[in-house]
Amino acid sequence: MLNYIIRRLLIGLVTLMGITLVTFLTIESAPGDIVELMLFERPDADEETRQRLREDLGLNDHIVVRYCKWVEKLATLDFGRSIKTGEPVTTMIRRHIWPTASVGAISLILAFLLSIPIGLYSAVRQGGAFDRIMSTNLYMLYSVPSYVIGMVLILYFGVKLNWFPIQGMYSDSVNGVPYEELSFFGKFVNQAHHYVLITICFTVGSLAYYSRFVRQNLLEVVQQDFIRTARAKGLSERRVIIRHAFRNTLIPFVSLLGLTLPFILSGSVILEHMFNWPGIGWLYMESVQQREVNTIMALNFMTATLVLICTLLTDLAYGLVDPRISHD
């Protein structure tokens, strides 16, 4: 097991270095001059100021030297500072990660709590009325992009009915009382109100996919010989499905979970901008528009690292789900 972990970590390190190189070269090849962007509001800046700024940013160094310096900073988790505001990138990410992580975690939990029983019951009642109705509705939900669902929710529940707010994590004031002066319960209720629509958008697509995933895998498992043997022993259908069939669908389900977790922290660029949600997706879009090189590379590095770590943890979790799997 230890040799396997070390081998996977080395492979992951090489992969991560390749990702950082591609990211760096992509940013470097983008059109435009960072110095000119920084001095956009100072058109009267002289050439000496421009050259001094280029020297401070290390732009006069060779591209190989700049890449090596950037990798050296990554080793200490120093992502540099915002080119526009001068704020440390780490502080910016820390400030924006909670809105994305919270709504992503809530939507993932809701999707799993709903999709597993729906998938199980649809498989058990294959071809029945419930299965046909759910299959039709789930296919419809899965085929509709989440941003389209978001637009419908905003227009109908936010604008027409005015049931839910459609911008930000909280209101500036509630009934004339500033948000900062609300009680803890008042702040909680106000934020929960803001979470409703964006959480639905995050959950709907996942719910449809996970339900079909559980159903399809369970239908394959129930055709196996060991399921027929369990039924021949006189076990109840519920025990056969839950204790034997569903347990053997956990391996692909764990794989799906491992691939999903990194994107909880990555956020959704489109949805977060639609709802003006101050998360990682919103930060990424703002960074691209403002050519915030350090922030873009830091976010790419963070996402790549999460994917590699979650993939490794998923492979290790296989042994817990199925003792027959060995990592020798």
# chains A, B, ... in the order shown; residues from 1 in each chain; ligands from 1
call {"tool": "residues_around", "arguments": {"residues": "Met140 of chain A", "least_positions_apart": "5", "cutoff": "10 Å", "atoms": "only C-alpha atoms", "output": "PDB file with all heavy atoms, in the first residue's frame"}}
result
ATOM      1  N   MET A 134     -40.322   8.920 -13.802  1.00  0.00           N
ATOM      2  CA  MET A 134     -39.065   9.476 -13.333  1.00  0.00           C
ATOM      3  C   MET A 134     -38.032   9.512 -14.454  1.00  0.00           C
ATOM      4  O   MET A 134     -37.262  10.477 -14.575  1.00  0.00           O
ATOM      5  CB  MET A 134     -38.535   8.673 -12.151  1.00  0.00           C
ATOM      6  CG  MET A 134     -39.348   8.823 -10.870  1.00  0.00           C
ATOM      7  SD  MET A 134     -39.564  10.552 -10.353  1.00  0.00           S
ATOM      8  CE  MET A 134     -37.860  11.080 -10.175  1.00  0.00           C
ATOM      9  N   SER A 135     -37.984   8.467 -15.267  1.00  0.00           N
ATOM     10  CA  SER A 135     -37.024   8.440 -16.367  1.00  0.00           C
ATOM     11  C   SER A 135     -37.261   9.591 -17.337  1.00  0.00           C
ATOM     12  O   SER A 135     -36.324  10.270 -17.767  1.00  0.00           O
ATOM     13  CB  SER A 135     -37.107   7.103 -17.107  1.00  0.00           C
ATOM     14  OG  SER A 135     -36.719   6.035 -16.272  1.00  0.00           O
ATOM     15  N   GLY A 205     -29.134  19.202 -12.184  1.00  0.00           N
ATOM     16  CA  GLY A 205     -28.371  18.396 -13.136  1.00  0.00           C
ATOM     17  C   GLY A 205     -27.738  17.188 -12.493  1.00  0.00           C
ATOM     18  O   GLY A 205     -27.760  16.085 -13.055  1.00  0.00           O
ATOM     19  N   ALA A 208     -30.378  14.383 -11.676  1.00  0.00           N
ATOM     20  CA  ALA A 208     -30.765  13.590 -12.841  1.00  0.00           C
ATOM     21  C   ALA A 208     -29.684  12.574 -13.197  1.00  0.00           C
ATOM     22  O   ALA A 208     -29.973  11.404 -13.459  1.00  0.00           O
ATOM     23  CB  ALA A 208     -31.047  14.512 -14.020  1.00  0.00           C
TER      24      ALA A 208
END
call {"tool": "select_by_dssp", "arguments": {"residues": "segment 62-223 of chain A", "states": "helix (DSSP H, G or I)", "output": "ChimeraX atom specification"}}
result
/A:63-75,89-124,129-143,146-160,179-181,184-221
call {"tool": "closest_residue", "arguments": {"among": "A:Gln51, A:Thr249, A:Thr100, A:Gln167", "to": "Val222 of chain A", "atoms": "only C-alpha atoms"}}
result
A:Thr249
call {"tool": "residues_around", "arguments": {"residues": "segment 145-148 of chain A", "least_positions_apart": "4", "cutoff": "7 Å", "atoms": "only C-alpha atoms", "output": "PDB file with N, CA, C and O atoms, in the first residue's frame"}}
result
ATOM      1  N   VAL A 152     -34.834  30.597 -15.824  1.00  0.00           N
ATOM      2  CA  VAL A 152     -36.259  30.399 -15.558  1.00  0.00           C
ATOM      3  C   VAL A 152     -36.576  30.694 -14.098  1.00  0.00           C
ATOM      4  O   VAL A 152     -37.575  31.380 -13.783  1.00  0.00           O
ATOM      5  N   CYS A 201     -30.257  25.154  -8.841  1.00  0.00           N
ATOM      6  CA  CYS A 201     -29.551  25.058 -10.131  1.00  0.00           C
ATOM      7  C   CYS A 201     -28.393  24.078 -10.056  1.00  0.00           C
ATOM      8  O   CYS A 201     -28.157  23.301 -10.985  1.00  0.00           O
ATOM      9  N   GLY A 205     -29.134  19.202 -12.184  1.00  0.00           N
ATOM     10  CA  GLY A 205     -28.371  18.396 -13.136  1.00  0.00           C
ATOM     11  C   GLY A 205     -27.738  17.188 -12.493  1.00  0.00           C
ATOM     12  O   GLY A 205     -27.760  16.085 -13.055  1.00  0.00           O
ATOM     13  N   ILE A 270     -20.660  30.374 -14.899  1.00  0.00           N
ATOM     14  CA  ILE A 270     -21.900  30.952 -15.436  1.00  0.00           C
ATOM     15  C   ILE A 270     -22.915  31.203 -14.329  1.00  0.00           C
ATOM     16  O   ILE A 270     -23.469  32.305 -14.207  1.00  0.00           O
ATOM     17  N   LEU A 271     -23.180  30.184 -13.507  1.00  0.00           N
ATOM     18  CA  LEU A 271     -24.205  30.330 -12.475  1.00  0.00           C
ATOM     19  C   LEU A 271     -23.825  31.385 -11.441  1.00  0.00           C
ATOM     20  O   LEU A 271     -24.674  32.172 -10.999  1.00  0.00           O
TER      21      LEU A 271
END
call {"tool": "closest_residue", "arguments": {"among": "A:Ile154, A:Leu256, A:Val307, A:Ile251", "to": "Asn276 of chain A", "atoms": "only C-alpha atoms"}}
result
A:Ile154
call {"tool": "closest_residue", "arguments": {"among": "A:Met169, A:Leu306, A:Ala298, A:Leu316", "to": "Met92 of chain A", "atoms": "only C-alpha atoms"}}
result
A:Ala298
call {"tool": "closest_residue", "arguments": {"among": "A:Ile227, A:Ile198, A:Leu25, A:Val144", "to": "Ile241 of chain A", "atoms": "only C-alpha atoms"}}
result
A:Ile227
call {"tool": "atom_distance", "arguments": {"atom1": "atom CA of Pro88 of chain A", "atom2": "atom CA of Leu283 of chain A"}}
result
13.7 Å
call {"tool": "closest_residue", "arguments": {"among": "A:Ile109, A:Leu114, A:Val103, A:Leu313", "to": "Ile280 of chain A", "atoms": "only C-alpha atoms"}}
result
A:Val103
call {"tool": "residues_around", "arguments": {"residues": "Ala123 of chain A", "least_positions_apart": "4", "cutoff": "12 Å", "atoms": "only C-alpha atoms", "output": "ChimeraX atom specification"}}
result
/A:115-119,127-132,134-135,211-223,241,245-246
call {"tool": "residues_around", "arguments": {"residues": "Tyr284 of chain A", "least_positions_apart": "5", "cutoff": "10 Å", "atoms": "only C-alpha atoms", "output": "VMD selection string"}}
result
chain A and resid 93 266 to 269 279 289 to 290 292 295 to 300
